[in-house]
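Peer 1: Input model_23.csv, format and content: CSV, C-alpha atoms and all ligand atoms.
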```csv
chain,number,residue,atom,x,y,z
A,19,MET,CA,20.1,4.0,-20.5
A,20,GLU,CA,20.5,5.5,-17.1
A,21,ASN,CA,18.1,3.2,-15.3
A,22,LEU,CA,15.0,1.1,-16.1
A,23,SER,CA,12.3,3.6,-14.9
A,24,SER,CA,11.2,4.4,-18.4
A,25,ILE,CA,10.6,0.7,-19.2
A,26,ILE,CA,9.2,-0.8,-16.0
A,27,HIS,CA,5.7,0.2,-14.8
A,28,GLY,CA,5.5,-1.1,-11.3
A,29,ILE,CA,4.3,-4.4,-9.9
A,30,HIS,CA,2.9,-6.9,-12.4
A,31,HIS,CA,2.1,-9.8,-10.1
A,32,VAL,CA,3.3,-11.5,-6.9
A,33,THR,CA,3.7,-15.2,-6.6
A,34,ALA,CA,3.7,-17.3,-3.4
A,35,GLY,CA,3.7,-20.9,-2.4
A,36,VAL,CA,0.7,-21.9,-0.3
A,37,GLU,CA,-0.7,-25.1,1.3
A,38,GLY,CA,-4.0,-26.6,0.0
A,39,ALA,CA,-5.4,-25.4,-3.3
A,40,GLN,CA,-9.0,-25.1,-2.1
A,41,GLU,CA,-7.9,-23.4,1.1
A,42,ASP,CA,-6.1,-20.9,-1.1
A,43,VAL,CA,-9.1,-20.3,-3.4
A,44,ASP,CA,-11.3,-19.8,-0.3
A,45,PHE,CA,-8.9,-17.3,1.1
A,46,PHE,CA,-8.4,-15.1,-1.9
A,47,ALA,CA,-11.8,-15.4,-3.6
A,48,THR,CA,-14.0,-15.4,-0.5
A,49,ILE,CA,-12.1,-13.7,2.3
A,50,VAL,CA,-10.1,-11.1,0.3
A,51,GLY,CA,-12.7,-11.0,-2.4
A,52,GLN,CA,-10.4,-11.0,-5.4
A,53,ARG,CA,-11.7,-12.6,-8.6
A,54,PHE,CA,-10.4,-16.1,-9.3
A,55,VAL,CA,-9.1,-15.6,-12.8
A,56,LYS,CA,-6.9,-18.5,-13.8
A,57,GLN,CA,-6.3,-22.1,-13.0
A,58,THR,CA,-3.1,-23.4,-14.7
A,59,VAL,CA,0.0,-25.2,-13.7
A,60,LEU,CA,3.6,-24.3,-12.7
A,61,MET,CA,5.5,-24.4,-16.0
A,62,ASP,CA,8.9,-25.5,-14.6
A,63,GLY,CA,9.7,-29.0,-13.2
A,64,ASP,CA,8.1,-32.4,-13.6
A,65,VAL,CA,5.6,-32.6,-10.7
A,66,PRO,CA,2.2,-31.1,-11.5
A,67,ILE,CA,1.6,-28.0,-9.3
A,68,TYR,CA,-1.4,-25.7,-9.7
A,69,HIS,CA,-0.7,-22.1,-10.5
A,70,LEU,CA,-3.8,-20.1,-9.4
A,71,TYR,CA,-4.4,-16.4,-10.2
A,72,TYR,CA,-6.6,-13.8,-8.5
A,73,GLY,CA,-7.1,-10.2,-9.6
A,74,ASN,CA,-9.6,-7.5,-10.1
A,75,ARG,CA,-12.6,-7.7,-12.5
A,76,LYS,CA,-10.5,-7.7,-15.6
A,77,ALA,CA,-7.4,-9.2,-14.1
A,78,GLU,CA,-5.5,-6.0,-14.7
A,79,ILE,CA,-1.8,-5.8,-14.3
A,80,GLY,CA,-0.8,-4.8,-10.8
A,81,THR,CA,-3.8,-6.6,-9.3
A,82,VAL,CA,-2.9,-10.2,-9.8
A,83,MET,CA,-1.8,-12.4,-6.9
A,84,THR,CA,-0.7,-15.9,-7.9
A,85,SER,CA,-0.1,-19.0,-5.9
A,86,PHE,CA,1.5,-22.5,-6.1
A,87,PRO,CA,-0.3,-24.8,-3.7
A,88,TYR,CA,2.4,-27.1,-2.4
A,89,LYS,CA,0.5,-29.2,0.2
A,90,GLN,CA,-0.1,-32.1,-2.2
A,91,ALA,CA,3.6,-32.2,-3.1
A,92,GLY,CA,4.6,-31.8,0.5
A,93,VAL,CA,7.2,-29.1,0.0
A,94,TYR,CA,7.5,-26.3,2.6
A,95,GLY,CA,9.6,-23.1,2.5
A,96,ARG,CA,11.1,-21.4,5.5
A,97,ARG,CA,10.1,-17.8,6.0
A,98,GLY,CA,13.0,-15.4,6.6
A,99,SER,CA,15.0,-12.5,5.2
A,100,GLY,CA,15.8,-12.3,1.5
A,101,GLN,CA,12.1,-12.7,0.8
A,102,VAL,CA,9.0,-10.6,0.2
A,103,LYS,CA,7.6,-10.5,3.8
A,104,ILE,CA,4.3,-8.7,3.3
A,105,THR,CA,2.2,-8.2,0.2
A,106,GLY,CA,0.1,-5.1,0.4
A,107,TYR,CA,-3.3,-4.3,-1.3
A,108,THR,CA,-5.0,-0.9,-1.5
A,109,VAL,CA,-8.5,-0.4,-0.2
A,110,PRO,CA,-10.7,2.7,-0.2
A,111,GLU,CA,-10.3,5.3,2.6
A,112,GLY,CA,-12.4,4.5,5.6
A,113,SER,CA,-12.7,0.8,4.9
A,114,LEU,CA,-10.4,-0.7,7.4
A,115,ASP,CA,-13.0,-0.9,10.1
A,116,PHE,CA,-15.0,-3.1,7.8
A,117,TRP,CA,-12.0,-5.3,7.2
A,118,LEU,CA,-11.1,-5.6,10.9
A,119,ASN,CA,-14.6,-6.7,11.7
A,120,ARG,CA,-14.6,-9.1,8.7
A,121,PHE,CA,-11.3,-10.7,9.9
A,122,GLU,CA,-12.7,-11.0,13.4
A,123,THR,CA,-16.0,-12.6,12.2
A,124,LYS,CA,-14.2,-15.0,9.8
A,125,ASN,CA,-11.5,-16.0,12.2
A,126,ILE,CA,-8.7,-14.7,10.1
A,127,ARG,CA,-5.5,-14.0,12.1
A,128,HIS,CA,-4.8,-10.2,11.9
A,129,GLY,CA,-3.0,-7.3,13.5
A,130,ALA,CA,-4.3,-3.9,14.6
A,131,ILE,CA,-4.9,-0.8,12.4
A,132,GLU,CA,-1.6,1.1,12.3
A,133,GLU,CA,-0.3,4.1,10.4
A,134,ARG,CA,3.0,4.2,8.5
A,135,PHE,CA,4.2,6.6,5.8
A,136,GLY,CA,1.0,8.5,6.3
A,137,GLN,CA,-1.3,5.6,5.4
A,138,LYS,CA,-3.5,3.5,7.6
A,139,ARG,CA,-2.9,-0.2,7.3
A,140,LEU,CA,-4.1,-3.5,8.7
A,141,SER,CA,-2.1,-6.8,8.5
A,142,PHE,CA,-3.7,-10.2,8.1
A,143,PHE,CA,-2.5,-13.7,7.4
A,144,HIS,CA,-3.2,-16.4,4.9
A,145,PRO,CA,-3.9,-19.8,6.5
A,146,CYS,CA,-0.4,-21.0,5.4
A,147,GLY,CA,1.2,-18.1,7.4
A,148,LEU,CA,1.9,-15.6,4.6
A,149,GLU,CA,1.5,-12.0,5.7
A,150,PHE,CA,-0.7,-9.5,3.8
A,151,GLU,CA,-1.8,-5.9,4.5
A,152,LEU,CA,-4.5,-3.6,3.4
A,153,VAL,CA,-3.5,0.0,2.9
A,154,GLU,CA,-6.1,2.8,2.7
A,155,ASP,CA,-5.4,4.8,-0.5
A,156,GLY,CA,-8.0,7.3,-1.7
A,157,ASN,CA,-5.9,8.0,-4.8
A,158,ASP,CA,-6.2,4.5,-6.2
A,159,LYS,CA,-9.0,4.7,-8.7
A,160,ARG,CA,-8.6,1.2,-10.2
A,161,ASP,CA,-11.5,-1.1,-10.8
A,162,CYS,CA,-12.2,-3.8,-8.2
A,163,PHE,CA,-14.3,-6.9,-7.9
A,164,GLU,CA,-17.4,-7.1,-5.8
A,165,THR,CA,-18.8,-10.2,-4.0
A,166,ASP,CA,-21.9,-10.8,-2.1
A,167,GLU,CA,-20.1,-9.8,1.1
A,168,ILE,CA,-17.7,-7.1,-0.2
A,169,SER,CA,-19.1,-4.0,-1.9
A,170,GLU,CA,-17.2,-1.6,-4.2
A,171,SER,CA,-17.0,0.9,-1.3
A,172,VAL,CA,-14.6,-1.4,0.6
A,173,ALA,CA,-13.2,-3.9,-2.0
A,174,VAL,CA,-9.5,-4.5,-2.6
A,175,ARG,CA,-8.3,-2.6,-5.7
A,176,GLY,CA,-4.9,-4.2,-6.4
A,177,PHE,CA,-1.4,-4.1,-5.1
A,178,HIS,CA,-0.2,-1.3,-3.0
A,179,SER,CA,3.4,-2.6,-2.5
A,180,VAL,CA,5.6,-5.4,-1.4
A,181,THR,CA,7.6,-5.2,1.8
A,182,MET,CA,10.9,-7.1,1.5
A,183,SER,CA,12.9,-8.4,4.5
A,184,ILE,CA,16.5,-7.3,4.1
A,185,ARG,CA,19.5,-8.1,6.2
A,186,GLU,CA,21.7,-5.4,4.7
A,187,VAL,CA,20.0,-2.5,3.0
A,188,ASP,CA,22.7,-0.8,1.0
A,189,GLU,CA,23.2,-3.1,-2.0
A,190,GLN,CA,19.5,-3.8,-2.3
A,191,MET,CA,19.0,0.0,-2.3
A,192,ARG,CA,21.6,0.3,-5.0
A,193,PHE,CA,19.8,-2.3,-7.2
A,194,PHE,CA,16.4,-0.7,-6.8
A,195,THR,CA,17.5,2.9,-7.3
A,196,ASP,CA,20.5,2.8,-9.7
A,197,VAL,CA,19.3,-0.2,-11.7
A,198,LEU,CA,15.5,-0.2,-11.6
A,199,GLY,CA,15.1,3.6,-11.1
A,200,PHE,CA,13.1,3.6,-7.9
A,201,ARG,CA,13.8,6.5,-5.5
A,202,LEU,CA,13.8,6.5,-1.7
A,203,LYS,CA,10.8,8.4,-0.5
A,204,GLY,CA,11.2,8.1,3.3
A,205,GLN,CA,12.3,6.0,6.2
A,206,GLU,CA,10.4,5.2,9.4
A,207,GLY,CA,12.4,3.0,11.8
A,208,PRO,CA,13.5,-0.1,10.0
A,209,TYR,CA,11.1,0.6,7.0
A,210,TYR,CA,12.4,2.3,3.8
A,211,GLN,CA,9.7,3.3,1.3
A,212,LEU,CA,10.7,3.5,-2.4
A,213,GLU,CA,8.6,4.7,-5.3
A,214,LEU,CA,8.8,4.3,-9.1
A,215,ASN,CA,8.0,7.2,-11.4
A,216,GLU,CA,4.7,8.8,-10.2
A,217,GLY,CA,4.6,6.5,-7.1
A,218,GLY,CA,1.5,5.3,-5.4
A,219,ALA,CA,-0.3,2.0,-5.7
A,220,ALA,CA,1.7,-0.9,-7.3
A,221,ARG,CA,4.7,1.5,-7.8
A,222,THR,CA,5.8,1.2,-4.2
A,223,VAL,CA,8.4,-1.1,-2.7
A,224,ILE,CA,9.3,-1.2,1.0
A,225,PHE,CA,12.4,-2.6,2.6
A,226,LYS,CA,12.2,-3.8,6.2
A,227,HIS,CA,15.7,-3.9,7.6
A,228,GLU,CA,15.9,-7.1,9.6
A,229,PRO,CA,19.6,-7.8,10.2
A,230,ASP,CA,19.0,-10.6,12.7
A,231,VAL,CA,16.4,-12.6,10.7
A,232,PRO,CA,18.0,-15.7,9.2
A,233,GLN,CA,17.8,-16.2,5.4
A,234,GLY,CA,14.6,-17.8,4.2
A,235,SER,CA,14.2,-20.4,1.5
A,236,TRP,CA,14.4,-19.5,-2.2
A,237,ILE,CA,12.6,-22.6,-3.3
A,238,ASN,CA,9.1,-23.1,-4.6
A,239,GLY,CA,7.3,-24.3,-1.4
A,240,ALA,CA,4.4,-23.6,0.9
A,241,GLY,CA,4.4,-20.6,3.2
A,242,ILE,CA,6.8,-18.2,1.3
A,243,VAL,CA,6.6,-15.6,-1.4
A,244,HIS,CA,8.7,-16.9,-4.4
A,245,HIS,CA,9.0,-13.6,-6.4
A,246,VAL,CA,7.6,-10.3,-7.3
A,247,ALA,CA,7.2,-9.4,-10.9
A,248,PHE,CA,7.5,-5.9,-12.5
A,249,ALA,CA,5.6,-5.0,-15.6
A,250,VAL,CA,7.2,-4.1,-19.0
A,251,ASP,CA,5.3,-3.6,-22.2
A,252,THR,CA,6.7,-5.9,-24.9
A,253,ASP,CA,9.4,-8.5,-25.7
A,254,GLU,CA,11.6,-5.8,-27.1
A,255,GLU,CA,11.5,-4.0,-23.7
A,256,LEU,CA,12.2,-7.3,-21.9
A,257,LYS,CA,15.3,-7.9,-24.1
A,258,LYS,CA,16.5,-4.3,-23.3
A,259,ILE,CA,16.2,-5.0,-19.6
A,260,ARG,CA,18.0,-8.3,-19.9
A,261,HIS,CA,20.8,-6.6,-21.9
A,262,HIS,CA,21.1,-3.7,-19.5
A,263,ILE,CA,21.1,-5.7,-16.3
A,264,SER,CA,23.6,-8.3,-17.4
A,265,GLY,CA,25.8,-5.5,-18.7
A,266,ILE,CA,25.9,-3.9,-15.2
A,267,GLY,CA,27.1,-7.3,-13.9
A,268,TYR,CA,24.0,-9.0,-12.6
A,269,THR,CA,24.8,-11.9,-15.1
A,270,ASP,CA,22.6,-14.3,-13.2
A,271,ILE,CA,19.6,-12.9,-15.0
A,272,SER,CA,17.7,-15.8,-16.5
A,273,ASP,CA,16.9,-16.5,-20.1
A,274,ILE,CA,13.6,-15.2,-21.4
A,275,LYS,CA,10.9,-17.7,-20.6
A,276,ASP,CA,7.6,-18.4,-22.2
A,277,ARG,CA,4.9,-18.4,-19.5
A,278,HIS,CA,2.1,-18.7,-22.0
A,279,TYR,CA,0.2,-15.6,-20.6
A,280,PHE,CA,3.4,-13.5,-20.7
A,281,HIS,CA,7.1,-13.7,-21.3
A,282,SER,CA,9.5,-13.2,-18.4
A,283,CYS,CA,13.0,-13.2,-17.1
A,284,TYR,CA,14.2,-13.4,-13.5
A,285,VAL,CA,17.1,-11.9,-11.6
A,286,ARG,CA,18.1,-12.4,-7.9
A,287,SER,CA,18.4,-9.0,-6.3
A,288,PRO,CA,21.3,-8.4,-3.8
A,289,GLY,CA,18.9,-8.6,-0.8
A,290,GLY,CA,18.0,-12.1,-1.9
A,291,ILE,CA,14.5,-11.4,-3.4
A,292,LEU,CA,13.8,-12.9,-6.8
A,293,CYS,CA,12.6,-10.2,-9.2
A,294,GLU,CA,10.8,-11.1,-12.4
A,295,PHE,CA,10.3,-8.8,-15.4
A,296,THR,CA,7.1,-9.6,-17.2
A,297,THR,CA,5.5,-8.5,-20.5
A,298,SER,CA,2.0,-7.1,-20.5
A,299,ASP,CA,1.0,-7.7,-24.1
A,300,ILE,CA,-0.5,-11.2,-23.9
A,301,GLY,CA,-2.7,-11.7,-20.9
A,302,LEU,CA,-5.0,-14.2,-19.3
A,303,ALA,CA,-7.8,-14.0,-21.9
A,304,ILE,CA,-5.8,-15.8,-24.7
A,305,ASP,CA,-7.3,-19.2,-23.8
A,306,GLU,CA,-10.6,-18.3,-22.0
A,307,ALA,CA,-13.3,-15.7,-22.7
A,308,GLU,CA,-13.2,-12.9,-20.2
A,309,GLN,CA,-16.4,-14.0,-18.5
A,310,ASP,CA,-15.0,-17.6,-18.1
A,311,LEU,CA,-11.7,-16.7,-16.6
A,312,GLY,CA,-10.8,-19.1,-13.8
A,313,SER,CA,-13.6,-21.6,-14.5
A,314,THR,CA,-11.5,-24.6,-15.4
A,315,LEU,CA,-7.9,-25.8,-15.5
A,316,MET,CA,-6.1,-24.5,-18.5
A,317,LEU,CA,-2.8,-25.8,-19.9
A,318,PRO,CA,-0.3,-24.3,-22.3
A,319,PRO,CA,0.1,-26.1,-25.6
A,320,TRP,CA,3.3,-27.8,-24.6
A,321,LYS,CA,1.6,-29.4,-21.6
A,322,LEU,CA,-1.5,-30.7,-23.4
A,323,ASP,CA,0.1,-34.2,-23.9
A,324,GLU,CA,0.1,-34.6,-20.1
A,325,LYS,CA,-3.4,-33.3,-19.7
A,326,GLU,CA,-5.0,-36.5,-18.4
A,327,GLN,CA,-2.2,-37.2,-16.0
A,328,ILE,CA,-2.3,-33.6,-14.6
A,329,PHE,CA,-6.1,-33.6,-14.3
A,330,ASN,CA,-6.0,-37.0,-12.5
A,331,TYR,CA,-3.2,-35.9,-10.1
A,332,LEU,CA,-4.3,-32.5,-9.0
A,333,GLU,CA,-7.0,-32.2,-6.3
A,334,PRO,CA,-10.1,-30.5,-8.0
A,335,VAL,CA,-10.9,-27.0,-6.9
A,336,VAL,CA,-14.3,-25.2,-6.9
A,337,ASN,CA,-14.4,-21.6,-8.0
A,338,PRO,CA,-17.1,-20.1,-5.7
A,339,GLN,CA,-17.5,-17.1,-8.0
A,340,ILE,CA,-18.0,-18.4,-11.5
A,341,ALA,CA,-21.8,-18.4,-11.5
A,342,LYS,CA,-21.8,-14.8,-10.2
A,343,VAL,CA,-19.4,-13.5,-12.9
A,344,LYS,CA,-21.6,-14.9,-15.7
B,401,FE,FE,5.8,-14.8,-11.9
```
Once more with this new file: its structure as structure tokens, please.

Peer 2:
Amino acid sequence: MENLSSIIHGIHHVTAGVEGAQEDVDFFATIVGQRFVKQTVLMDGDVPIYHLYYGNRKAEIGTVMTSFPYKQAGVYGRRGSGQVKITGYTVPEGSLDFWLNRFETKNIRHGAIEERFGQKRLSFFHPCGLEFELVEDGNDKRDCFETDEISESVAVRGFHSVTMSIREVDEQMRFFTDVLGFRLKGQEGPYYQLELNEGGAARTVIFKHEPDVPQGSWINGAGIVHHVAFAVDTDEELKKIRHHISGIGYTDISDIKDRHYFHSCYVRSPGGILCEFTTSDIGLAIDEAEQDLGSTLMLPPWKLDEKEQIFNYLEPVVNPQIAKVK
């Protein structure tokens, strides 16, 4: 196998630590207008931490942002290099004026409309400080999710890209091109844009060369992206990836983990960013009907013994969308 481009299909999900759970729901479900599609818990460690998922109408792969609200546990990460710095979503062409006005009206910290790599984009910030951007992409024909305030003509489609803060580009480039099979599409100043296979939405990764930015935290904690996941089809493909990557010498690739909604393994890329490979053959609808996604806290079978303790510990969250989806 030359590289993994025939096995990986672009971004599966992005996972970040945030502060309060309800604040996070309000940001993604109300401000960004993604559908709140799953309430579950972090599957590692002893302390109950929510794991919240937001996606398009059917929670399709490549649209799902997930978060660990860490305010209750009081754990905070330090932003820096070696992390995903910006998570990008696609929006329809001509929609950024709507979004700029929306961020103004809703008091959401944001930047100005800029153009890079031939696409207009607008940065904005989660209340915990995480940076996001909206990128106009007329070629992205994926489904969306509409809300009372956000119509199909402007709604977020799914991921455009992640932008990684990298102190030294060369070895990160080697990992993404030689191992994963991305190719360098262009460079503008400190930004390097890479694409996988046919490129475009969810198949784009950007490096921002930031040699003077100190290393950020690798922990689970509020205010930082923990990892980006890339989609594979099946367990067989996941095993092939693990075999291939460890054979090259990245032997810190993790065991295959059962995340209930998918199976995963993780490897630390040379630039410091944790990359996950995630199967696509299970999905969020295994324990809730599609119209009920996100309506209540769901636990994997091996956490059901702790159900009462977890429900009592975690602050309740209100899904503002559930009545509308039904
Ligand atoms: Fe993940």

Peer 1: Could you jot down the CA of Ile259 in chain A to CA of Thr58 in chain A separation for me, Å, one decimal place?

Peer 2: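 Atom-to-atom, CA of Ile259 in chain A and CA of Thr58 in chain A are spaced 27.1 Å apart.
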
Peer 1: Tell me, as a compact mmCIF listing (two decimals) with C-alpha atoms, keeping the file's coordinate frame, which residues lie within 7 Å of Ala34 in chain A, counting only C-alpha atoms; anything in the same chain fewer than 4 positions away does not count.

Peer 2:
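The result, stored in part.txt:
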```
# COMPACT_ATOMS: atom_id res chain seq x y z
CA THR A 84 -0.70 -15.90 -7.90
CA SER A 85 -0.10 -19.00 -5.90
CA PHE A 86 1.50 -22.50 -6.10
CA ILE A 242 6.80 -18.20 1.30
CA VAL A 243 6.60 -15.60 -1.40
CA HIS A 244 8.70 -16.90 -4.40
```

Peer 1: Quick one: everything within 7 Å of Ile29 in chain A, counting only C-alpha atoms, minus sequence neighbours fewer than 2 positions away in the same chain. Send it as a ChimeraX atom specification.

Peer 2: /A:27,31,80,220-221,247-249

Peer 1: Could you please determine the separation between CA of Glu20 in chain A and CA of Tyr210 in chain A in Å, to one decimal place?

Peer 2: 22.6 Å

Peer 1: Dump the neighbourhood of ligand FE 401 (chain B) as a list in words: all residues within 8 Å, distances computed on only C-alpha atoms and all ligand atoms.

Peer 2: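 Listing the residues within 8 Å of ligand FE 401 (chain B) gives His31, Val32, Thr33, Thr84, His245, Val246, Ala247, Ser282, Glu294 and Thr296 of chain A.
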
Peer 1: Need to verify the contact set: range 140-154 of chain A, 10 Å, all atoms listed in the file, exclusion of same-chain residues closer than 5 positions in sequence. Can you return it as an MDAnalysis selection string?

Peer 2: chainID A and resid 34:38 41:42 45:46 49:50 87 89 94 97 102:115 117:118 121 126:134 172 174:181 219 240:243

Peer 1: My list of candidates is A:Lys56, A:Arg120, A:His30, A:Lys257. Which is closest to Ile304 in chain A when distances are computed with only C-alpha atoms?

Peer 2: A:Lys56

Peer 1: Taking only residues of range 56-75 of chain A that have an atom at most 8 Å from an atom of range 323-336 of chain A, what is each one's shortest atom pair and its distance in Å to one decimal, using all atoms listed in the file, in chain and number order, as JSON lines?

Peer 2:
```
{"residue": "A:Pro66", "atom": "CA", "partner": "A:Ile328", "partner_atom": "CA", "distance": 6.0}
{"residue": "A:Ile67", "atom": "CA", "partner": "A:Leu332", "partner_atom": "CA", "distance": 7.4}
{"residue": "A:Tyr68", "atom": "CA", "partner": "A:Leu332", "partner_atom": "CA", "distance": 7.4}
```

Peer 1: Just want the 6 Å neighbourhood of range 161-168 of chain A, counted on only C-alpha atoms, with same-chain residues fewer than 4 positions away dropped. Output as number ranges by chain.

Peer 2: A: 74-75, 173, 175
